[in-house]
Every structure is written in C-alpha cells, then in structure tokens.
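Worksheet: the structure to be examined is printed underneath.
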Amino acid sequence: MMLPRHIWPDTATISDGRLYLGGCDARALAAAYGTPLYVFDEATLRGAMRAYLAAFRRQDAPFGVHYAAKALLNTALAQIVTQEGLGLDVVSGAELLVARRAGVPMERVHFHGNAPGDAELERAVAWGVGAVVVDNLDELERLAALTAGRERPQGVMLRVAPGIEARTHPSIATGGADSKFGLPPAALDAAATRLRAARPKSCVSSSKPQSLGLKPSVSASGDLMRSLKLGFGGEFLSSPGLRTKLKTKN
C-alpha cells in the first residue's frame, strides 16, 4: 500500500496491513498508551525545520525562522526547535516557563499574545526575551513602565493590523481594520511616542491578512515601511509569513 507523502509523516510505512511511524507499530502504541493518541515523528519535524532554514539561506538577506509554540509545546519539542537553530514564539507565561526549562536561549524567544497579564510581561522582561510583540497601546504603556530605568533595551515588535480585507472566513480573518489582533495604522503615531519611552530595540511586525495572494502582503509591507518613518527605526520587518532584516539609518 502506498501512502500519500504529503499527508503522512516521513517515516510512515505499511507492513502486513499495519501502520508504522518512526519504526513503531501504531497498534502497539495505542495498546500501550490508549486512545486517542497523538504521535509526533521527530524526523518529520526536523526535516520541516531544516527545509525552512534551507529555503531562506538561499536568499541574500539575514532572516529568522520561529516555531509557534501554540501549535504544540513540550520540553522535548522546545529542545528540538533549539537544536535545529529556530527561534520560538510563545504566547503565555506557562509556555515561556517550558522554554526556559528546555534550555531555549531567551534571546531567541518572542513573547506575544492577546492581552497578557502584568506578571507575564514582567517575567518576559526579567528573563530577557528577544522581543515582546505588542498588540495594543495599553500593553505598550505597561511595557514602557516595566522597562523604565533598565540598562538593557528591550526588544519590541508591534503587531499591526494593516486594514486588509482578505477573502477568507470571518472567524479567521486577522488583518482587517477592526481586528482585535494588532494596532490599526491610525494608532501608529501614538505607538511611536510610547515606543520611545520603552527604549526598544525597535522592531515592526504585521498581522497576516490570511490571504493566499501576494497583493495583500505587498500592501501590508507598504504600511509597515511607512510606519518606520514615524521614528521606529525598525530593525526587522515581519510581513505576513516572512521576516527580514532592514537596513535603516536610525
């Protein structure tokens, strides 16, 4: 029996009517651990991470690839992410704790999430995460207060909702003007003032517009480039699905 390679893990095979994953009999795994059972193939995970890195290395620009912990996070997976040279995006204090216990270098961690608590922001700053991704002006003010008087600037990324209406289901649309995820372009002037108070390693980010076409991404990138003129002095531009280093004078 042939298995469609785009669906199954890289190591999946069928022998005598039985499914094997990474050399392990799926029936034996179910008998040992019960069902439902989630099985993750390490070879497939590492292969996907290496493929992303290889693709970006072919481009003539600095880059970073981050794994989104909200997909799945445990100590073993965080260690694989680190071993393969990826960064880690976490969205809660608990995920940040898992990353620390796994030995993930904090400078390769981005902390973001919708409405994080003060204790979570304090932990992220105290542990020296590479960047805090900010969703709104209130969060930016709280971050500025936490970093006041600190010698080391805190990496900051703004999540911008570029006001792009993509052709997708309303429940997963994140780039529209009324999205709760990210700052609307009209708030960028106020954000610039608060950013200066936070003394950031200035960064600018973007909410992805959930579109398969290039035009929404190009439009979002244009908005972000214009935001740099407000004085952010952006070091990184994270446009939908991509992140690259910017060369700016600031």
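Going by the structure tokens order, chains are called A, B, ..., each with residues numbered from 1, while ligands are numbered from 1 in the order shown.
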
Requested in this report: For Ala78 of chain A, list every protein, DNA or RNA residue within 12 Å, evaluated using only C-alpha atoms, and leave out those in the same chain fewer than 5 positions away; present the list as a ChimeraX atom specification.
Outcome: /A:42,45-46,66-73,83-90,95-106,108-109

Can I get the selected residues back with N, CA and C atoms, as a tab-separated table (two decimals), in the first residue's frame?
```
chain	number	residue	atom	x	y	z
A	42	GLU	N	9.70	12.67	15.04
A	42	GLU	CA	10.81	13.60	15.18
A	42	GLU	C	11.50	13.86	13.85
A	45	LEU	N	9.49	16.40	11.89
A	45	LEU	CA	9.62	17.73	12.47
A	45	LEU	C	10.96	18.36	12.12
A	46	ARG	N	12.03	17.61	12.30
A	46	ARG	CA	13.36	18.14	12.00
A	46	ARG	C	13.50	18.43	10.50
A	66	HIS	N	10.94	31.13	13.21
A	66	HIS	CA	10.44	30.83	14.56
A	66	HIS	C	9.34	29.78	14.50
A	67	TYR	N	9.35	28.91	15.50
A	67	TYR	CA	8.29	27.93	15.66
A	67	TYR	C	7.23	28.50	16.58
A	68	ALA	N	5.96	28.38	16.19
A	68	ALA	CA	4.85	28.89	17.00
A	68	ALA	C	4.46	27.86	18.06
A	69	ALA	N	4.76	28.16	19.31
A	69	ALA	CA	4.51	27.21	20.40
A	69	ALA	C	3.04	26.88	20.55
A	70	LYS	N	2.14	27.77	20.08
A	70	LYS	CA	0.71	27.49	20.24
A	70	LYS	C	0.28	26.26	19.45
A	71	ALA	N	1.08	25.83	18.47
A	71	ALA	CA	0.75	24.62	17.73
A	71	ALA	C	0.90	23.39	18.62
A	72	LEU	N	1.95	23.35	19.39
A	72	LEU	CA	2.22	22.29	20.39
A	72	LEU	C	3.53	22.65	21.06
A	73	LEU	N	3.58	22.55	22.37
A	73	LEU	CA	4.83	22.80	23.07
A	73	LEU	C	4.99	21.86	24.25
A	83	GLN	N	17.77	22.93	18.92
A	83	GLN	CA	18.85	22.19	18.26
A	83	GLN	C	18.91	22.45	16.76
A	84	GLU	N	17.74	22.68	16.15
A	84	GLU	CA	17.69	22.91	14.71
A	84	GLU	C	17.94	24.37	14.33
A	85	GLY	N	18.14	25.23	15.34
A	85	GLY	CA	18.50	26.60	15.05
A	85	GLY	C	17.35	27.56	14.85
A	86	LEU	N	16.13	27.16	15.26
A	86	LEU	CA	14.97	28.04	15.13
A	86	LEU	C	14.77	28.84	16.41
A	87	GLY	N	14.02	29.95	16.27
A	87	GLY	CA	13.55	30.68	17.42
A	87	GLY	C	12.20	30.13	17.84
A	88	LEU	N	11.65	30.66	18.93
A	88	LEU	CA	10.40	30.15	19.48
A	88	LEU	C	9.47	31.30	19.82
A	89	ASP	N	8.25	31.24	19.32
A	89	ASP	CA	7.21	32.21	19.67
A	89	ASP	C	6.32	31.61	20.75
A	90	VAL	N	6.21	32.29	21.90
A	90	VAL	CA	5.35	31.81	22.99
A	90	VAL	C	4.28	32.85	23.28
A	95	GLU	N	4.06	28.87	28.67
A	95	GLU	CA	4.91	28.47	27.55
A	95	GLU	C	6.32	29.01	27.71
A	96	LEU	N	6.43	30.23	28.25
A	96	LEU	CA	7.76	30.80	28.49
A	96	LEU	C	8.53	29.96	29.50
A	97	LEU	N	7.84	29.46	30.51
A	97	LEU	CA	8.47	28.61	31.52
A	97	LEU	C	8.96	27.30	30.90
A	98	VAL	N	8.15	26.70	30.02
A	98	VAL	CA	8.57	25.48	29.33
A	98	VAL	C	9.83	25.75	28.52
A	99	ALA	N	9.85	26.88	27.81
A	99	ALA	CA	11.02	27.22	27.00
A	99	ALA	C	12.27	27.35	27.87
A	100	ARG	N	12.13	27.99	29.01
A	100	ARG	CA	13.29	28.18	29.89
A	100	ARG	C	13.79	26.85	30.44
A	101	ARG	N	12.85	26.00	30.87
A	101	ARG	CA	13.25	24.70	31.42
A	101	ARG	C	13.88	23.81	30.36
A	102	ALA	N	13.50	24.04	29.09
A	102	ALA	CA	14.08	23.26	27.99
A	102	ALA	C	15.45	23.79	27.58
A	103	GLY	N	15.86	24.92	28.14
A	103	GLY	CA	17.17	25.47	27.81
A	103	GLY	C	17.19	26.32	26.54
A	104	VAL	N	16.02	26.80	26.11
A	104	VAL	CA	15.98	27.65	24.93
A	104	VAL	C	16.61	29.00	25.27
A	105	PRO	N	17.58	29.46	24.48
A	105	PRO	CA	18.17	30.78	24.75
A	105	PRO	C	17.08	31.85	24.68
A	106	MET	N	16.95	32.65	25.73
A	106	MET	CA	15.86	33.61	25.81
A	106	MET	C	15.92	34.66	24.70
A	108	ARG	N	16.32	34.12	21.74
A	108	ARG	CA	15.67	33.56	20.55
A	108	ARG	C	14.17	33.34	20.77
A	109	VAL	N	13.65	33.89	21.87
A	109	VAL	CA	12.24	33.74	22.19
A	109	VAL	C	11.51	35.06	21.95
```

Judged by only C-alpha atoms, the minimum distance to Val129 of chain A among A:Arg50, A:Arg5, A:Arg142, A:His110 is found for A:His110

In Å and to one decimal, atom CA of Pro116 of chain A is distant from atom CA of Thr82 of chain A by 24.4 Å

Practice task
Enumerate, as JSON, numbers by chain, the complete set of residues in segment 21-172 of chain A that a backbone-based DSSP assignment places in alpha helix (DSSP H).
Solution key: {"A": [26, 27, 28, 29, 30, 31, 32, 33, 42, 43, 44, 45, 46, 47, 48, 49, 50, 51, 52, 53, 54, 55, 56, 57, 75, 76, 77, 78, 79, 80, 81, 82, 83, 93, 94, 95, 96, 97, 98, 99, 100, 101, 118, 119, 120, 121, 122, 123, 124, 125, 126, 137, 138, 139, 140, 141, 142, 143, 144, 145, 146, 147]}

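In this structure, atom CA of Val134 of chain A sits 5.0 Å away from atom CA of Leu158 of chain A.
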
According to DSSP computed on the backbone, where in segment 55-164 of chain A is there strand (DSSP E)? Give the residues as a list in words.
His66, Tyr67, Ala68, Gly87, Leu88, Asp89, Val90, Val109, His110, Phe111, Ala131, Val132, Val133, Val134, Gln154, Gly155, Val156, Met157 and Leu158 of chain A

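Across A:Asp16, A:Glu107, A:Asp25, A:Asp60, the tightest approach to Gln154 of chain A is made by A:Glu107 when counting only C-alpha atoms.
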
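Counting from atom CA of Ala187 of chain A, the distance to atom CA of Leu146 of chain A is 21.4 Å.
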